[in-house]
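A.B. asks: Below are the structure tokens for one structure; questions will follow.
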Amino acid sequence: MTSPTLERTQSASVTTARLAPARPAVPPELRITDNPAAAVLRAAARGPIFRDIAAQSTGLSIATVNRQVSALLSVGLLRERADLTASGAVGRPRVPFEVDTDSYVTVGVHIGSTLTRIVAADLSGKILGGLEIATPQTGQDAALTIVARSAKAFLDRLPRRRPLWTGVALAGRVDPAAGVVDHPRLGWQAAPVAAVFSSVLDLPVSVSAHVEAMAASELLLAGREPGEGPRPGSSLYIYARETAGIAVTLHDRVHTPANGPGSIAHLPTGSDADCICGRRGCLEATIGERFFLERAVRQGVLPKPEAPRRPVITDLYRAADAGSVAARDLLLERAEILGRTAALVRDMFNPDRVVLGGQAFTGYRPGMDRVAKAFADSTTLPAADLRISRFGGRVQEFAAAVTSLSVFYADPVSAMRRATRTAR
């Protein structure tokens, strides 16, 4: 997958548009389903494929594949590639098919505590581009409207593609059926995320807890390595950047508790960082970027910035790369804490795999070795299958994208009919 172009925007002023009636939220499908049309669509998402090869890779009969290909062609999700037909073949020519990656687009939004990313994705999961805006620090309805109108303005710049769906991923307690979110860091309570986005964009909307969506992106968008079969068993996804969170995948389905995802934000780390909960040493207060940078400034590792500029984490990375021992030690200390915490959580769940995602893990490359060592030294169980997310520093973008695409990957024909009934 190619890297998207992300533009930065400080303000989100767009023209006021007439709002459409709000539509009911559509819960995301954070799983690999046994729907035969979905299996054929996933096979075609990797590029042109012949029907017999699709039957082999999906385990479906050739008759079933033919029926599903016909259904997916009829709703526009697939297209045939007659230009790739093998010449000189005896009998009926074999015509490969692939996902239509040119006609449609979905829009994904990741709302972070300080930064919001808006991306466009095609039906194969490739991110076509995006923009970043500061997360509005206003009332929840006003903030959601600003972000939704920014997404609409961005989408309007892709006139050759028909928009199908909106996906919104964010932290906090998410009710995916109602499309509402409680987000303590932003001060949101029962924020009507789906209602606002559907009114502004006039598209179906799915809302997901962001760490659960990140885990789903590993299932649905990362794809399998050549020759790699299904991944039975369980996976533990651990995320860390400004916030910290976990998600569990069981047999190709992300576990989505009715009461919201579990929290590791306040696990004790032994540090002296003051937490907003009133205690000291909580994980988020120790490794979260804002708190971490404040500490770097207090200790003189970074110079005190002149207003209005605030330090960013790349300032600390650059200082370490330039030879600052204090900056390097601070980053490696954070890596050590992350590794120990990941081992603690792994020992609680004992999953078959552990996936680490988020810029706290991936942003400083020398720190990744320290994370792995601290993990190995701290776990009390046998050696684990420890992996870094395939999406590196782009996990937020793909969490947003998979939230906008997951319904298609679960029941593509039904999703396409629903989308094209409501898309503009």
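How things are named: the first chain in the structure tokens is A, the next is B, and so on; residues count from 1 in each chain; ligands count from 1 in the order shown.
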For Gly112 in chain A, work out the shell of residues within 9 Å, counting only C-alpha atoms and skipping chain neighbours fewer than 4 positions away, then give it as a PDB file with N, CA and C atoms, in the first residue's frame.
C.D. replies:
ATOM      1  N   THR A 116      -7.251  15.124  14.646  1.00  0.00           N
ATOM      2  CA  THR A 116      -8.230  14.321  13.910  1.00  0.00           C
ATOM      3  C   THR A 116      -7.728  14.088  12.503  1.00  0.00           C
ATOM      4  N   ARG A 117      -7.813  12.822  12.052  1.00  0.00           N
ATOM      5  CA  ARG A 117      -7.418  12.456  10.700  1.00  0.00           C
ATOM      6  C   ARG A 117      -8.658  12.077   9.897  1.00  0.00           C
ATOM      7  N   ALA A 134      -6.809  19.981  13.778  1.00  0.00           N
ATOM      8  CA  ALA A 134      -6.820  19.933  15.240  1.00  0.00           C
ATOM      9  C   ALA A 134      -8.218  19.549  15.701  1.00  0.00           C
ATOM     10  N   THR A 135      -8.301  18.621  16.635  1.00  0.00           N
ATOM     11  CA  THR A 135      -9.597  18.244  17.180  1.00  0.00           C
ATOM     12  C   THR A 135     -10.207  19.446  17.895  1.00  0.00           C
ATOM     13  N   ALA A 169     -13.816   6.372  14.036  1.00  0.00           N
ATOM     14  CA  ALA A 169     -13.152   5.625  15.106  1.00  0.00           C
ATOM     15  C   ALA A 169     -12.613   6.613  16.135  1.00  0.00           C
ATOM     16  N   LEU A 170     -12.803   6.304  17.405  1.00  0.00           N
ATOM     17  CA  LEU A 170     -12.337   7.211  18.455  1.00  0.00           C
ATOM     18  C   LEU A 170     -12.291   6.458  19.779  1.00  0.00           C
ATOM     19  N   ALA A 171     -11.605   7.063  20.731  1.00  0.00           N
ATOM     20  CA  ALA A 171     -11.487   6.455  22.058  1.00  0.00           C
ATOM     21  C   ALA A 171     -12.768   6.692  22.841  1.00  0.00           C
ATOM     22  N   GLU A 242      -1.099   8.826  22.637  1.00  0.00           N
ATOM     23  CA  GLU A 242      -1.584   9.780  23.632  1.00  0.00           C
ATOM     24  C   GLU A 242      -2.409   9.049  24.677  1.00  0.00           C
ATOM     25  N   THR A 243      -3.151   8.052  24.198  1.00  0.00           N
ATOM     26  CA  THR A 243      -3.905   7.184  25.086  1.00  0.00           C
ATOM     27  C   THR A 243      -3.341   5.770  24.965  1.00  0.00           C
ATOM     28  N   GLN A 396      -3.939   4.835  13.016  1.00  0.00           N
ATOM     29  CA  GLN A 396      -5.170   5.608  13.177  1.00  0.00           C
ATOM     30  C   GLN A 396      -5.920   5.723  11.845  1.00  0.00           C
TER      31      GLN A 396
END
A.B. asks: Go through range 40-161 of chain A and collect every residue that DSSP, computed from the backbone, puts in strand (DSSP E); the answer should be as an MDAnalysis selection string.
C.D. replies: chainID A and resid 78:80 97:99 104:111 115:121 127:134
A.B. asks: Which residues are close to range 211-214 of chain A, i.e. within 10 Å by only C-alpha atoms, leaving aside same-chain residues fewer than 6 positions away? Reply as JSON, numbers by chain.
C.D. replies: {"A": [28, 29, 30, 168, 169, 170, 171, 172, 221, 237, 238, 239, 240, 244, 245, 246, 247, 248, 249, 254, 255, 256, 260, 261, 357, 358, 389, 391, 394, 395, 396, 397, 398, 399, 400, 401, 402, 403, 406]}
A.B. asks: Please measure the separation of CA of Leu60 in chain A and CA of Asp34 in chain A, giving the value in Å to one decimal.
C.D. replies: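 Computing it gives 10.5 Å between the two atoms.
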A.B. asks: Pick from A:Ala216, A:Ala360, A:Val95, A:Val325: nearest to Val407 in chain A, with only C-alpha atoms counted?
C.D. replies: A:Ala216
A.B. asks: From the options A:Ala71, A:Leu164, A:Ala419, A:Val26, which residue's atoms come nearest to Ser208 in chain A, counting only C-alpha atoms?
C.D. replies: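 Selected residue with least distance to Ser208 in chain A: A:Val26.
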A.B. asks: Excluding Thr58 in chain A and its own-chain neighbours fewer than 4 positions away, which residues fall within 9 Å of it when counting only C-alpha atoms? Please give them as JSON, numbers by chain.
C.D. replies: {"A": [36, 39, 40, 43, 53, 54, 65]}
A.B. asks: Write to file, as a tab-separated table (two decimals), in the first residue's frame, the residues of the selection just made, with all heavy atoms.
C.D. replies:
chain	number	residue	atom	x	y	z
A	36	PRO	N	-20.20	-16.18	1.66
A	36	PRO	CA	-19.42	-16.52	0.47
A	36	PRO	C	-19.09	-15.31	-0.41
A	36	PRO	O	-18.01	-15.25	-0.99
A	36	PRO	CB	-20.29	-17.54	-0.27
A	36	PRO	CG	-21.66	-17.39	0.31
A	36	PRO	CD	-21.49	-16.91	1.71
A	39	ALA	N	-16.13	-13.67	1.10
A	39	ALA	CA	-14.88	-14.41	0.84
A	39	ALA	C	-14.37	-14.11	-0.57
A	39	ALA	O	-13.16	-13.93	-0.78
A	39	ALA	CB	-15.13	-15.90	1.02
A	40	VAL	N	-15.27	-14.06	-1.55
A	40	VAL	CA	-14.86	-13.76	-2.92
A	40	VAL	C	-14.35	-12.32	-3.02
A	40	VAL	O	-13.34	-12.04	-3.68
A	40	VAL	CB	-16.03	-14.00	-3.89
A	40	VAL	CG1	-15.70	-13.48	-5.29
A	40	VAL	CG2	-16.38	-15.48	-3.94
A	43	ALA	N	-10.85	-12.11	-1.66
A	43	ALA	CA	-9.90	-12.69	-2.59
A	43	ALA	C	-9.60	-11.73	-3.74
A	43	ALA	O	-8.45	-11.61	-4.18
A	43	ALA	CB	-10.44	-14.01	-3.14
A	53	ILE	N	-9.02	-20.01	-9.32
A	53	ILE	CA	-8.06	-19.67	-8.25
A	53	ILE	C	-8.81	-19.15	-7.03
A	53	ILE	O	-8.45	-19.47	-5.88
A	53	ILE	CB	-7.05	-18.63	-8.75
A	53	ILE	CG1	-6.30	-19.15	-9.99
A	53	ILE	CG2	-6.06	-18.29	-7.65
A	53	ILE	CD1	-5.54	-20.43	-9.76
A	54	ALA	N	-9.87	-18.38	-7.26
A	54	ALA	CA	-10.68	-17.89	-6.14
A	54	ALA	C	-11.33	-19.05	-5.40
A	54	ALA	O	-11.44	-19.03	-4.16
A	54	ALA	CB	-11.74	-16.91	-6.64
A	65	VAL	N	-18.58	-19.78	-6.40
A	65	VAL	CA	-17.79	-18.62	-6.80
A	65	VAL	C	-18.44	-17.93	-8.00
A	65	VAL	O	-18.55	-16.69	-8.03
A	65	VAL	CB	-16.34	-19.03	-7.12
A	65	VAL	CG1	-15.59	-17.88	-7.82
A	65	VAL	CG2	-15.62	-19.44	-5.85
A.B. asks: Could you tell me which of A:Pro96, A:Gly392, A:Pro351, A:Gly233 comes closest to Met368 in chain A if we count only C-alpha atoms?
C.D. replies: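 Using only C-alpha atoms, Met368 in chain A sits closest to A:Gly392.
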A.B. asks: Which neighbours of Asp100 in chain A fall inside 10 Å, counting only C-alpha atoms, when residues of the same chain fewer than 4 positions from it are skipped, and could you give them as a compact mmCIF listing (two decimals) with N, CA, C and O atoms, in the first residue's frame?
C.D. replies:
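Output file result-v4.txt is given in full below:
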# COMPACT_ATOMS: atom_id res chain seq x y z
N ALA A 44 -10.63 -11.02 -4.18
CA ALA A 44 -10.44 -10.09 -5.30
C ALA A 44 -9.76 -8.80 -4.89
O ALA A 44 -9.23 -8.07 -5.74
N ALA A 45 -9.76 -8.49 -3.58
CA ALA A 45 -9.15 -7.24 -3.12
C ALA A 45 -7.64 -7.24 -3.29
O ALA A 45 -7.01 -6.19 -3.28
N GLY A 47 -6.09 -8.16 -5.98
CA GLY A 47 -5.73 -7.96 -7.39
C GLY A 47 -6.49 -8.93 -8.26
O GLY A 47 -7.24 -9.77 -7.78
N LEU A 73 -20.65 -8.47 -9.41
CA LEU A 73 -20.57 -7.68 -10.64
C LEU A 73 -21.84 -6.86 -10.82
O LEU A 73 -21.79 -5.69 -11.23
N GLY A 76 -21.81 -3.75 -8.76
CA GLY A 76 -20.72 -2.83 -9.05
C GLY A 76 -19.49 -2.95 -8.17
O GLY A 76 -18.57 -2.14 -8.30
N LEU A 77 -19.46 -3.94 -7.30
CA LEU A 77 -18.29 -4.08 -6.44
C LEU A 77 -17.10 -4.70 -7.16
O LEU A 77 -15.95 -4.41 -6.83
N LEU A 78 -17.37 -5.56 -8.13
CA LEU A 78 -16.32 -6.18 -8.92
C LEU A 78 -16.38 -5.69 -10.36
O LEU A 78 -17.41 -5.19 -10.81
N ARG A 79 -15.29 -5.88 -11.06
CA ARG A 79 -15.25 -5.65 -12.51
C ARG A 79 -14.39 -6.74 -13.14
O ARG A 79 -13.47 -7.26 -12.50
N GLU A 80 -14.74 -7.11 -14.36
CA GLU A 80 -13.95 -8.10 -15.07
C GLU A 80 -12.81 -7.44 -15.82
O GLU A 80 -12.91 -6.29 -16.24
N TYR A 104 -15.63 4.14 -6.56
CA TYR A 104 -16.24 4.44 -5.27
C TYR A 104 -15.19 4.87 -4.25
O TYR A 104 -13.99 4.66 -4.42
N ASP A 122 -10.39 3.38 -1.03
CA ASP A 122 -11.14 2.65 -2.04
C ASP A 122 -11.62 1.32 -1.46
O ASP A 122 -11.36 1.01 -0.29
N LEU A 123 -12.31 0.53 -2.27
CA LEU A 123 -12.94 -0.67 -1.75
C LEU A 123 -11.95 -1.79 -1.45
O LEU A 123 -12.32 -2.78 -0.82
N SER A 124 -10.70 -1.65 -1.87
CA SER A 124 -9.69 -2.64 -1.51
C SER A 124 -9.01 -2.31 -0.19
O SER A 124 -8.20 -3.09 0.30
A.B. asks: Check the smallest atom-to-atom distance from each of A:Ile287, A:Arg365, A:Asp352, A:Gly187 to Leu330 in chain A using only C-alpha atoms, then report the winner.
C.D. replies: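 Of all the options, A:Ile287 lies closest to Leu330 in chain A.
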A.B. asks: Do you know which residues are at most 12 Å from Ala327 in chain A counting only C-alpha atoms, after dropping those on the same chain fewer than 5 positions away, and could you put them as number ranges by chain?
C.D. replies: A: 292-293, 295-297, 299-303, 313-322, 332-334, 364, 367
A.B. asks: Between CA of Phe349 in chain A and CA of Pro257 in chain A, measure the distance and give it in Å to one decimal.
C.D. replies: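 Computed distance, CA of Phe349 in chain A to CA of Pro257 in chain A, equals 15.3 Å.
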A.B. asks: Fewer than 6 positions away in the same chain doesn't count, so skip those; otherwise give me all residues within 10 Å of Leu203 in chain A, counting only C-alpha atoms, as a count of residues only.
C.D. replies: 19
A.B. asks: From a backbone DSSP assignment, name each residue in range 108-146 of chain A labelled alpha helix (DSSP H), as a ChimeraX atom specification.
C.D. replies: /A:140-146
A.B. asks: Would you mind exporting N, CA and C atoms of the selected residues as a PDB file, in the first residue's frame?
C.D. replies:
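again_10.pdb was written with the following content:
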ATOM      1  N   GLN A 140     -19.475  19.246  22.386  1.00  0.00           N
ATOM      2  CA  GLN A 140     -19.417  18.047  21.561  1.00  0.00           C
ATOM      3  C   GLN A 140     -20.189  18.190  20.248  1.00  0.00           C
ATOM      4  N   ASP A 141     -21.352  18.799  20.254  1.00  0.00           N
ATOM      5  CA  ASP A 141     -22.118  18.929  19.020  1.00  0.00           C
ATOM      6  C   ASP A 141     -21.402  19.833  18.017  1.00  0.00           C
ATOM      7  N   ALA A 142     -20.858  20.943  18.521  1.00  0.00           N
ATOM      8  CA  ALA A 142     -20.130  21.857  17.636  1.00  0.00           C
ATOM      9  C   ALA A 142     -18.875  21.192  17.092  1.00  0.00           C
ATOM     10  N   ALA A 143     -18.150  20.462  17.951  1.00  0.00           N
ATOM     11  CA  ALA A 143     -16.927  19.798  17.508  1.00  0.00           C
ATOM     12  C   ALA A 143     -17.233  18.764  16.440  1.00  0.00           C
ATOM     13  N   LEU A 144     -18.263  17.953  16.653  1.00  0.00           N
ATOM     14  CA  LEU A 144     -18.624  16.935  15.673  1.00  0.00           C
ATOM     15  C   LEU A 144     -19.050  17.560  14.353  1.00  0.00           C
ATOM     16  N   THR A 145     -19.773  18.658  14.423  1.00  0.00           N
ATOM     17  CA  THR A 145     -20.209  19.325  13.194  1.00  0.00           C
ATOM     18  C   THR A 145     -19.020  19.869  12.420  1.00  0.00           C
ATOM     19  N   ILE A 146     -18.052  20.455  13.125  1.00  0.00           N
ATOM     20  CA  ILE A 146     -16.851  20.968  12.449  1.00  0.00           C
ATOM     21  C   ILE A 146     -16.101  19.841  11.750  1.00  0.00           C
TER      22      ILE A 146
END
A.B. asks: What is the CA of Ile337 in chain A-CA of Thr286 in chain A distance in Å, reported with one decimal?
C.D. replies: 8.6 Å
